[in-house]
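Next up, data09.tsv (TSV, C-alpha atoms):
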```
chain	number	residue	atom	x	y	z
E	54	MET	CA	75.38	-37.38	98.05
E	55	LYS	CA	73.98	-37.29	94.50
E	56	LYS	CA	76.82	-35.05	93.44
E	57	HIS	CA	79.38	-37.59	94.64
E	58	ILE	CA	77.59	-40.40	92.81
E	59	TYR	CA	77.38	-38.23	89.71
E	60	SER	CA	81.11	-37.53	89.72
E	61	LEU	CA	82.00	-41.17	90.26
E	62	LEU	CA	79.97	-42.13	87.22
E	63	ILE	CA	81.04	-39.29	84.95
E	64	LEU	CA	84.79	-39.18	85.58
E	65	PRO	CA	85.54	-42.77	84.58
E	66	GLY	CA	83.69	-42.13	81.33
E	67	PHE	CA	85.94	-39.15	80.62
E	68	PHE	CA	89.13	-41.10	81.15
E	69	LEU	CA	87.81	-43.84	78.89
E	70	MET	CA	87.16	-41.20	76.26
E	71	VAL	CA	90.71	-39.80	76.18
E	72	SER	CA	92.59	-43.06	76.72
E	73	PRO	CA	93.29	-45.82	74.18
E	74	VAL	CA	90.23	-47.75	75.49
E	75	ARG	CA	87.46	-47.64	72.89
E	76	SER	CA	83.72	-48.06	73.23
E	77	GLN	CA	81.22	-50.32	71.50
E	78	ASP	CA	78.24	-49.33	69.39
E	79	VAL	CA	74.77	-49.36	70.88
E	80	ASN	CA	73.05	-52.74	70.67
E	81	PHE	CA	69.30	-52.68	70.01
E	82	THR	CA	67.10	-55.46	71.36
E	83	GLN	CA	64.58	-55.07	68.54
E	84	TYR	CA	67.23	-55.54	65.89
E	85	LEU	CA	64.60	-56.65	63.37
E	86	ALA	CA	63.21	-53.11	63.60
E	87	THR	CA	66.64	-51.60	62.81
E	88	PRO	CA	67.93	-53.73	59.91
E	89	LEU	CA	69.66	-50.86	58.09
E	90	TYR	CA	71.71	-50.15	61.21
E	91	TYR	CA	73.22	-53.63	61.30
E	92	ASN	CA	73.52	-54.50	57.61
E	93	PRO	CA	73.05	-52.15	54.62
E	94	ALA	CA	72.13	-55.15	52.46
E	95	TYR	CA	68.68	-55.15	54.13
E	96	THR	CA	67.94	-51.84	52.39
E	97	GLY	CA	64.92	-52.35	50.12
E	98	ILE	CA	64.58	-56.03	51.00
E	99	ASN	CA	60.81	-55.62	50.53
E	100	THR	CA	59.12	-53.62	47.82
E	101	GLY	CA	57.43	-50.42	48.94
E	102	VAL	CA	58.42	-47.84	51.52
E	103	ARG	CA	59.08	-48.34	55.24
E	104	ALA	CA	59.75	-45.77	57.94
E	105	ARG	CA	61.05	-46.99	61.31
E	106	PHE	CA	61.33	-45.13	64.62
E	107	LEU	CA	62.90	-46.58	67.76
E	108	PHE	CA	63.70	-45.26	71.23
E	109	ARG	CA	65.92	-47.11	73.73
E	110	ASN	CA	66.37	-46.18	77.39
E	111	GLN	CA	69.16	-48.26	78.92
E	112	TRP	CA	69.93	-48.55	82.65
E	113	PRO	CA	67.14	-46.20	83.78
E	114	SER	CA	67.82	-46.92	87.48
E	115	LEU	CA	71.16	-45.12	87.28
E	116	PRO	CA	71.42	-41.31	87.59
E	117	VAL	CA	72.95	-41.24	84.09
E	118	SER	CA	70.85	-43.50	81.87
E	119	TYR	CA	71.81	-44.01	78.25
E	120	LYS	CA	69.25	-43.01	75.63
E	121	SER	CA	69.28	-43.84	71.93
E	122	TYR	CA	67.06	-42.62	69.11
E	123	TYR	CA	66.85	-44.29	65.71
E	124	PHE	CA	65.07	-43.41	62.48
E	125	SER	CA	65.31	-44.98	59.04
E	126	ALA	CA	63.41	-44.91	55.79
E	127	ASP	CA	64.01	-47.11	52.79
E	128	VAL	CA	62.35	-47.99	49.51
E	129	GLY	CA	62.50	-51.26	47.62
E	130	ASP	CA	61.95	-50.72	43.92
E	131	ARG	CA	62.60	-53.47	41.40
E	132	GLY	CA	62.60	-50.87	38.63
E	133	LEU	CA	65.78	-49.28	39.98
E	134	PRO	CA	69.13	-50.11	38.37
E	135	GLY	CA	70.27	-53.19	40.24
E	136	ALA	CA	66.66	-53.78	41.39
E	137	GLY	CA	67.60	-53.12	44.99
E	138	GLY	CA	66.79	-50.18	47.23
E	139	LEU	CA	67.76	-46.82	48.71
E	140	GLY	CA	67.68	-45.94	52.38
E	141	LEU	CA	68.51	-43.29	54.93
E	142	TYR	CA	69.07	-43.74	58.65
E	143	VAL	CA	69.78	-41.46	61.60
E	144	ASN	CA	71.09	-42.73	64.93
E	145	SER	CA	71.54	-40.51	67.99
E	146	ASN	CA	72.94	-41.55	71.38
E	147	ASN	CA	73.15	-39.60	74.62
E	148	ASP	CA	75.71	-41.28	76.85
E	149	GLY	CA	74.68	-40.12	80.31
E	150	VAL	CA	73.16	-36.66	80.86
E	151	ALA	CA	74.30	-35.67	77.34
E	152	PHE	CA	77.92	-35.94	78.49
E	153	ILE	CA	78.85	-37.45	75.14
E	154	HIS	CA	76.44	-37.15	72.23
E	155	ASP	CA	76.87	-39.30	69.12
E	156	LEU	CA	75.01	-38.56	65.90
E	157	THR	CA	75.28	-40.59	62.68
E	158	VAL	CA	73.50	-39.94	59.39
E	159	GLY	CA	73.95	-42.60	56.74
E	160	LEU	CA	72.87	-43.31	53.17
E	161	ASN	CA	72.45	-46.96	52.16
E	162	ILE	CA	72.32	-48.44	48.66
E	163	SER	CA	71.67	-52.10	47.84
E	164	VAL	CA	71.82	-54.23	44.70
E	165	ARG	CA	69.65	-57.33	44.23
E	166	ILE	CA	71.06	-60.32	42.33
E	167	PRO	CA	68.80	-63.26	41.35
E	168	ILE	CA	70.14	-66.79	41.69
E	169	THR	CA	67.03	-68.96	41.37
E	170	SER	CA	63.27	-68.38	41.63
E	171	TYR	CA	63.52	-69.04	45.37
E	172	LEU	CA	66.92	-67.57	46.19
E	173	VAL	CA	68.27	-64.05	45.75
E	174	THR	CA	71.19	-62.19	47.23
E	175	GLN	CA	71.54	-58.53	48.09
E	176	VAL	CA	74.72	-56.52	48.59
E	177	GLY	CA	74.64	-53.11	50.28
E	178	ILE	CA	77.00	-50.31	51.20
E	179	LYS	CA	76.68	-47.53	53.76
E	180	ALA	CA	78.22	-44.08	53.49
E	181	ALA	CA	77.73	-42.01	56.62
E	182	VAL	CA	78.85	-38.94	58.47
E	183	GLY	CA	79.30	-39.19	62.23
E	184	GLN	CA	79.63	-36.52	64.89
E	185	ARG	CA	80.73	-36.90	68.50
E	186	ARG	CA	80.17	-33.98	70.81
E	187	VAL	CA	81.20	-33.56	74.44
E	188	ASN	CA	79.72	-31.06	76.88
E	189	TRP	CA	82.63	-30.06	79.10
E	190	ASP	CA	80.24	-28.22	81.45
E	191	ASP	CA	78.75	-31.55	82.49
E	192	LEU	CA	82.07	-32.78	83.87
E	193	VAL	CA	82.69	-32.69	87.62
E	194	TRP	CA	86.32	-32.44	88.75
E	195	THR	CA	87.75	-33.27	92.15
E	196	ASP	CA	88.68	-29.65	92.91
E	197	GLN	CA	84.99	-28.72	92.68
E	198	LEU	CA	83.96	-31.01	95.53
E	199	SER	CA	83.64	-30.26	99.20
E	200	GLU	CA	83.53	-33.17	101.67
E	201	LEU	CA	80.71	-31.42	103.49
E	202	TYR	CA	78.69	-29.61	100.81
E	203	GLY	CA	79.48	-31.49	97.58
E	204	ASN	CA	79.93	-29.65	94.30
E	205	ILE	CA	80.33	-25.98	95.31
E	206	TYR	CA	83.72	-24.82	93.97
E	207	GLN	CA	84.86	-23.47	90.62
E	208	SER	CA	87.21	-25.87	88.84
E	209	SER	CA	90.62	-24.79	87.60
E	210	PHE	CA	90.32	-27.14	84.62
E	211	VAL	CA	90.53	-25.37	81.26
E	212	PRO	CA	88.71	-27.41	78.59
E	213	PRO	CA	90.34	-27.82	75.17
E	214	ASP	CA	88.96	-25.96	72.21
E	215	ALA	CA	87.66	-29.12	70.55
E	216	ASN	CA	84.19	-30.12	71.72
E	217	LYS	CA	83.16	-32.15	68.69
E	218	ARG	CA	84.58	-34.49	66.08
E	219	VAL	CA	83.12	-35.03	62.59
E	220	TYR	CA	84.23	-38.06	60.60
E	221	PRO	CA	83.22	-40.18	57.57
E	222	ASP	CA	82.17	-43.77	58.14
E	223	PHE	CA	81.54	-46.69	55.79
E	224	GLY	CA	80.01	-50.16	56.03
E	225	ILE	CA	79.33	-53.07	53.71
E	226	GLY	CA	77.17	-56.17	53.92
E	227	GLY	CA	75.56	-58.99	52.03
E	228	LEU	CA	72.70	-61.42	52.56
E	229	PHE	CA	70.79	-64.32	51.07
E	230	LEU	CA	66.99	-64.22	50.95
E	231	PHE	CA	65.39	-67.59	50.35
E	232	SER	CA	62.01	-69.33	50.31
E	233	ASN	CA	60.63	-72.82	49.91
E	234	GLN	CA	58.49	-73.62	46.88
E	235	GLU	CA	55.23	-73.38	48.82
E	236	GLY	CA	56.16	-69.92	50.10
E	237	ASN	CA	55.27	-70.63	53.72
E	238	VAL	CA	58.91	-70.48	54.86
E	239	THR	CA	61.16	-67.53	54.08
E	240	GLY	CA	64.45	-66.57	55.61
E	241	THR	CA	67.54	-64.40	55.47
E	242	ALA	CA	71.19	-64.95	56.35
E	243	GLY	CA	73.61	-62.04	56.25
E	244	VAL	CA	77.09	-60.82	57.16
E	245	ALA	CA	78.20	-57.20	57.52
E	246	VAL	CA	81.19	-55.17	58.67
E	247	ASP	CA	80.79	-51.60	59.93
E	248	HIS	CA	83.41	-48.87	60.42
E	249	VAL	CA	85.48	-50.43	57.63
E	250	PHE	CA	88.21	-47.78	57.73
E	251	GLN	CA	88.12	-47.31	61.53
E	252	PRO	CA	87.71	-43.51	61.56
E	253	ASP	CA	89.45	-41.48	64.26
E	254	ILE	CA	86.90	-40.20	66.80
E	255	ALA	CA	89.29	-38.67	69.36
E	256	PHE	CA	88.54	-35.16	70.60
E	257	LEU	CA	92.16	-34.30	71.38
E	258	SER	CA	94.76	-33.79	68.67
E	259	THR	CA	97.44	-35.30	70.88
E	260	GLY	CA	96.07	-38.84	70.52
E	261	ALA	CA	94.14	-41.12	68.21
E	262	MET	CA	91.02	-43.13	68.98
E	263	PRO	CA	90.05	-45.35	66.03
E	264	LEU	CA	86.45	-46.53	65.99
E	265	PRO	CA	86.86	-50.33	65.95
E	266	ARG	CA	85.33	-52.43	63.21
E	267	LYS	CA	82.13	-54.26	64.05
E	268	TRP	CA	81.32	-57.65	62.56
E	269	VAL	CA	77.70	-58.78	62.41
E	270	VAL	CA	76.27	-62.18	61.48
E	271	GLN	CA	72.51	-62.67	61.58
E	272	THR	CA	69.83	-65.00	60.34
E	273	ASP	CA	66.10	-65.43	60.84
E	274	PHE	CA	63.14	-67.33	59.39
E	275	VAL	CA	59.46	-66.53	58.96
E	276	ILE	CA	57.31	-69.66	59.12
E	277	THR	CA	53.65	-69.22	58.15
E	278	SER	CA	51.22	-71.92	59.28
E	279	GLY	CA	47.47	-72.39	59.25
E	280	GLY	CA	45.00	-70.99	56.76
E	281	GLY	CA	44.62	-67.52	55.37
E	282	SER	CA	46.77	-65.26	53.27
E	283	ALA	CA	50.42	-64.44	53.85
E	284	ASN	CA	49.70	-60.79	53.10
E	285	MET	CA	48.47	-58.15	55.49
E	286	SER	CA	45.27	-59.28	57.14
E	287	SER	CA	42.70	-57.75	59.42
E	288	GLY	CA	43.52	-60.16	62.22
E	289	GLY	CA	40.47	-62.35	61.75
E	290	SER	CA	40.04	-66.03	62.54
E	291	ASN	CA	41.71	-67.01	59.26
E	292	ASP	CA	44.82	-64.97	60.00
E	293	PRO	CA	47.82	-67.35	59.76
E	294	LEU	CA	50.22	-67.86	62.62
E	295	LYS	CA	53.69	-66.52	61.86
E	296	ILE	CA	56.72	-67.78	63.77
E	297	ASN	CA	59.99	-65.88	63.53
E	298	PRO	CA	63.07	-67.50	65.13
E	299	GLY	CA	66.39	-65.73	64.68
E	300	LEU	CA	69.79	-64.82	66.05
E	301	ILE	CA	72.39	-62.10	65.71
E	302	TYR	CA	76.07	-62.30	66.65
E	303	GLN	CA	78.29	-59.25	66.99
E	304	ASN	CA	82.00	-58.78	67.59
E	305	GLN	CA	83.67	-55.44	68.17
E	306	LEU	CA	87.03	-54.76	69.77
E	307	GLY	CA	87.32	-58.41	70.79
E	308	LEU	CA	84.01	-58.32	72.67
E	309	SER	CA	81.28	-60.65	71.45
E	310	SER	CA	77.54	-60.66	72.03
E	311	LEU	CA	74.81	-63.07	71.02
E	312	GLN	CA	71.06	-62.61	70.86
E	313	ALA	CA	68.73	-65.48	70.01
E	314	GLY	CA	65.01	-65.98	70.37
E	315	MET	CA	61.69	-65.98	68.61
E	316	ASN	CA	58.75	-63.74	67.75
E	317	ILE	CA	55.25	-64.92	66.95
E	318	MET	CA	52.33	-63.06	65.35
E	319	LYS	CA	48.65	-64.01	65.33
E	320	PHE	CA	45.62	-61.74	64.90
E	321	ASN	CA	48.16	-58.95	64.26
E	322	ILE	CA	49.46	-59.33	67.85
E	323	TYR	CA	53.21	-59.75	68.39
E	324	LEU	CA	54.81	-61.63	71.26
E	325	GLY	CA	58.45	-62.56	71.65
E	326	GLY	CA	61.21	-63.72	73.93
E	327	TRP	CA	64.94	-63.31	73.39
E	328	TYR	CA	68.12	-64.24	75.23
E	329	LYS	CA	70.90	-61.66	75.16
E	330	GLY	CA	74.39	-62.40	76.41
E	331	THR	CA	77.97	-61.21	76.20
E	332	LEU	CA	80.64	-63.86	75.73
E	333	GLY	CA	83.93	-64.26	77.56
E	334	SER	CA	85.10	-63.10	80.97
E	335	GLY	CA	82.78	-60.76	82.83
E	336	SER	CA	79.86	-61.99	80.76
E	337	THR	CA	76.33	-60.77	81.40
E	338	SER	CA	72.98	-62.08	80.24
E	339	ALA	CA	69.46	-60.74	79.96
E	340	LEU	CA	66.01	-61.95	79.00
E	341	ALA	CA	64.15	-59.64	76.64
E	342	LEU	CA	60.35	-59.81	76.39
E	343	LEU	CA	58.34	-57.96	73.76
E	344	ALA	CA	54.74	-57.37	72.81
E	345	GLY	CA	53.10	-55.30	70.12
E	346	TYR	CA	50.29	-54.82	67.65
E	347	ARG	CA	50.01	-54.18	63.92
E	348	TYR	CA	47.08	-52.23	62.49
E	349	ASN	CA	46.37	-52.57	58.78
E	350	PHE	CA	44.74	-49.57	57.14
E	351	ASN	CA	44.42	-51.59	53.91
E	352	GLU	CA	46.33	-54.35	52.12
E	353	ASP	CA	49.18	-51.97	51.27
E	354	MET	CA	49.50	-49.81	54.40
E	355	SER	CA	50.11	-50.76	58.01
E	356	ILE	CA	51.53	-49.42	61.27
E	357	ARG	CA	53.29	-51.56	63.88
E	358	PHE	CA	53.99	-50.71	67.52
E	359	ILE	CA	56.21	-52.92	69.71
E	360	TYR	CA	57.51	-52.53	73.27
E	361	SER	CA	60.33	-54.63	74.74
E	362	TYR	CA	62.06	-54.83	78.10
E	363	ASP	CA	65.51	-56.26	78.89
E	364	MET	CA	65.58	-57.98	82.27
E	365	GLN	CA	69.08	-58.68	83.61
E	366	ILE	CA	69.42	-62.27	84.84
E	367	SER	CA	73.17	-62.50	85.53
E	368	GLY	CA	76.32	-60.42	85.71
E	369	ASN	CA	77.06	-57.15	87.46
E	370	LEU	CA	74.28	-55.08	85.80
E	371	SER	CA	71.34	-56.47	87.80
E	372	GLY	CA	70.70	-53.17	89.59
E	373	THR	CA	70.69	-50.96	86.50
E	374	GLY	CA	67.01	-51.32	85.61
E	375	GLY	CA	67.56	-53.18	82.34
E	376	ALA	CA	66.45	-51.41	79.19
E	377	HIS	CA	63.21	-50.26	77.58
E	378	GLU	CA	62.65	-50.06	73.82
E	379	ILE	CA	59.72	-48.72	71.83
E	380	SER	CA	59.52	-49.09	68.06
E	381	LEU	CA	57.06	-47.76	65.51
E	382	VAL	CA	57.09	-48.97	61.90
E	383	LEU	CA	55.06	-47.52	59.03
E	384	GLU	CA	54.86	-49.59	55.87
E	385	PHE	CA	53.50	-48.58	52.46
E	386	GLY	CA	53.30	-51.29	49.79
E	387	ASN	CA	53.10	-50.76	46.03
E	388	VAL	CA	55.10	-47.52	46.26
E	389	GLY	CA	58.30	-46.97	44.32
E	390	LEU	CA	60.53	-44.37	42.75
E	391	THR	CA	60.12	-45.68	39.19
E	392	GLY	CA	56.81	-47.49	39.37
E	393	GLY	CA	58.64	-50.67	40.27
E	394	GLY	CA	57.38	-50.73	43.81
E	395	LYS	CA	54.75	-53.36	43.06
E	396	GLY	CA	57.28	-56.15	43.15
E	397	GLY	CA	56.86	-56.80	39.45
E	398	GLY	CA	58.53	-54.89	36.67
E	399	GLY	CA	58.26	-57.94	34.40
E	400	ARG	CA	61.25	-59.61	36.04
E	401	GLY	CA	59.73	-62.91	37.09
E	402	ASN	CA	59.18	-64.48	40.49
E	403	VAL	CA	62.56	-63.41	41.85
E	404	TYR	CA	61.32	-59.81	41.88
E	405	GLY	CA	57.76	-60.50	42.89
E	406	GLY	CA	55.94	-61.91	39.89
E	407	PRO	CA	54.64	-60.52	36.61
E	408	THR	CA	53.86	-56.85	36.08
E	409	GLY	CA	50.74	-55.66	37.83
E	410	ARG	CA	50.69	-58.23	40.59
E	411	ASN	CA	50.99	-56.98	44.14
E	412	ARG	CA	53.90	-57.46	46.48
E	413	GLY	CA	52.33	-60.54	48.03
E	414	SER	CA	52.70	-62.48	44.75
E	415	SER	CA	56.17	-63.62	45.77
E	416	PRO	CA	57.19	-64.85	49.23
E	417	LEU	CA	60.57	-63.23	48.62
E	418	GLU	CA	58.87	-59.83	48.78
E	419	CYS	CA	57.03	-60.15	52.09
E	420	PRO	CA	58.98	-61.48	55.09
E	421	SER	CA	56.63	-60.07	57.73
E	422	PHE	CA	59.07	-59.15	60.46
E	423	TYR	CA	60.94	-56.41	58.60
```
Show me the file's structure as structure tokens.
Amino acid sequence: MKKHIYSLLILPGFFLMVSPVRSQDVNFTQYLATPLYYNPAYTGINTGVRARFLFRNQWPSLPVSYKSYYFSADVGDRGLPGAGGLGLYVNSNNDGVAFIHDLTVGLNISVRIPITSYLVTQVGIKAAVGQRRVNWDDLVWTDQLSELYGNIYQSSFVPPDANKRVYPDFGIGGLFLFSNQEGNVTGTAGVAVDHVFQPDIAFLSTGAMPLPRKWVVQTDFVITSGGGSANMSSGGSNDPLKINPGLIYQNQLGLSSLQAGMNIMKFNIYLGGWYKGTLGSGSTSALALLAGYRYNFNEDMSIRFIYSYDMQISGNLSGTGGAHEISLVLEFGNVGLTGGGKGGGGRGNVYGGPTGRNRGSSPLECPSFY
């Protein structure tokens, strides 16, 4: 019986792969933990170095769950030309028992442009190399199946020579980073487009399969209330409450999705709730809940662990088991490539204050949820 279920799930995926129908990119629930994936302008938005790891297991109740792995590292250094940042990200997706494996490695560069003491803009570009690989041995064809015993026969299908496709990929984005004069409210608003040149990802030379452009619009705010410092704290009674509302809208191949919600942090504990929905006919919706903890080794080094779960609340995916995500973020302040990682560099408040002051001297250098 499992073999029949397996074939019913795998075969439609194959026909989608070789037909003009094109797939969408993976959508992470913890999008604030994967900013370089959605918009290269977020590269180096904070001074210092950050390394981010994320694992997503989608639809675990199905025999062929979809697993994604993400890693990125970026540095914000106001001593760099353009006073922006450099970043690297790797994204790997296994689409059902490794039937199709996608791997993307990208390099991001951003430029930071001051407007006022409380408003800056960043522009970023992504240059990446993608690879799609298919394992023909994982396919089950109808001539392999017996009504009585399942998958027992040798298939007459002869797979094509091509089992992978390598292609270049580019993206571009921009954002505004702003703060009020008191520094207790910071925020970002950005727009990005990925797969600008719509690279061909088809396996077969007899047809084309352009990777459709993806448009992303996102914004979020970090509101700090109560007493205490806005920098890393030990989670004591004076630790301020941080509230982080936000939303992200995506459109790819005419399909739109919206995610909106809020995170809060107090005593270095994270809690959050987010609504996720697809728009249009056949829409689905889910409620995502998250919880996590940040441990501060000192004022310039921390580690953050967050778990989230997507719970389907409508649509035809209620029996899939939702999705699990685990993220791990390592952050090192006051680290840079040119000595400009302290948020200073003598460039004024836009870049973090006078030389020698730490990254917390400017609210534009420490939005806590990145």
### Task
List the residues sitting within 10 Å of (72.8, -52.4, 91.1) in the file's frame, using all atoms listed in the file, as number ranges by chain.
E: 112, 114-115, 369-374
Can I get the selection written as a CSV table (one decimal), in the coordinates of the input, with C-alpha atoms?
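Wrote result_17.csv, looks like this:
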```
chain,number,residue,atom,x,y,z
E,112,TRP,CA,69.9,-48.6,82.6
E,114,SER,CA,67.8,-46.9,87.5
E,115,LEU,CA,71.2,-45.1,87.3
E,369,ASN,CA,77.1,-57.2,87.5
E,370,LEU,CA,74.3,-55.1,85.8
E,371,SER,CA,71.3,-56.5,87.8
E,372,GLY,CA,70.7,-53.2,89.6
E,373,THR,CA,70.7,-51.0,86.5
E,374,GLY,CA,67.0,-51.3,85.6
```
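The shortest atom-to-atom distance to Arg185 of chain E, with all atoms listed in the file taken into account, belongs to E:Asn146 out of E:Gln312, E:Asn146, E:Ser208, E:Gln197.
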### Task
Enter the distance from atom CA of Arg103 of chain E to atom CA of Val382 of chain E, in Å, rounded to one decimal.
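If I compute the distance from atom CA of Arg103 of chain E to atom CA of Val382 of chain E, I get 7.0 Å.
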### Query
Counting only C-alpha atoms, which of E:Asn351, E:Gln83, E:Ser361, E:Ser310 gets nearest to Gly330 of chain E?
E:Ser310
### Task
Might you pull out every residue within 9 Å of Thr174 of chain E, with only C-alpha atoms counted and same-chain residues fewer than 5 positions away left off, and present them as a VMD selection string?
chain E and resid 94 164 to 168 227 to 231
### Task
State, in Å with one decimal place, the distance from atom CA of Ile276 of chain E to atom CA of Met315 of chain E.
11.1 Å
#### Entry: Residue with smallest distance to Ile162 of chain E - pool E:Pro252, E:Pro265, E:Gly226, E:Pro221, counting only C-alpha atoms
E:Gly226
### Task
Work out how far atom CA of Val187 of chain E is from atom CA of Ser121 of chain E, in Å to one decimal.
15.9 Å
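The nearest approach to Phe385 of chain E among the residues E:Phe256, E:Tyr95, E:Phe350, E:Phe124, with all atoms listed in the file taken into account, belongs to E:Phe350.
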### Query
Near Tyr220 of chain E, counting only C-alpha atoms, which residues have an atom at most 10 Å away, once you skip same-chain residues fewer than 3 positions from it, shown as a PyMOL selection string?
chain E and resi 157+181-185+252-254
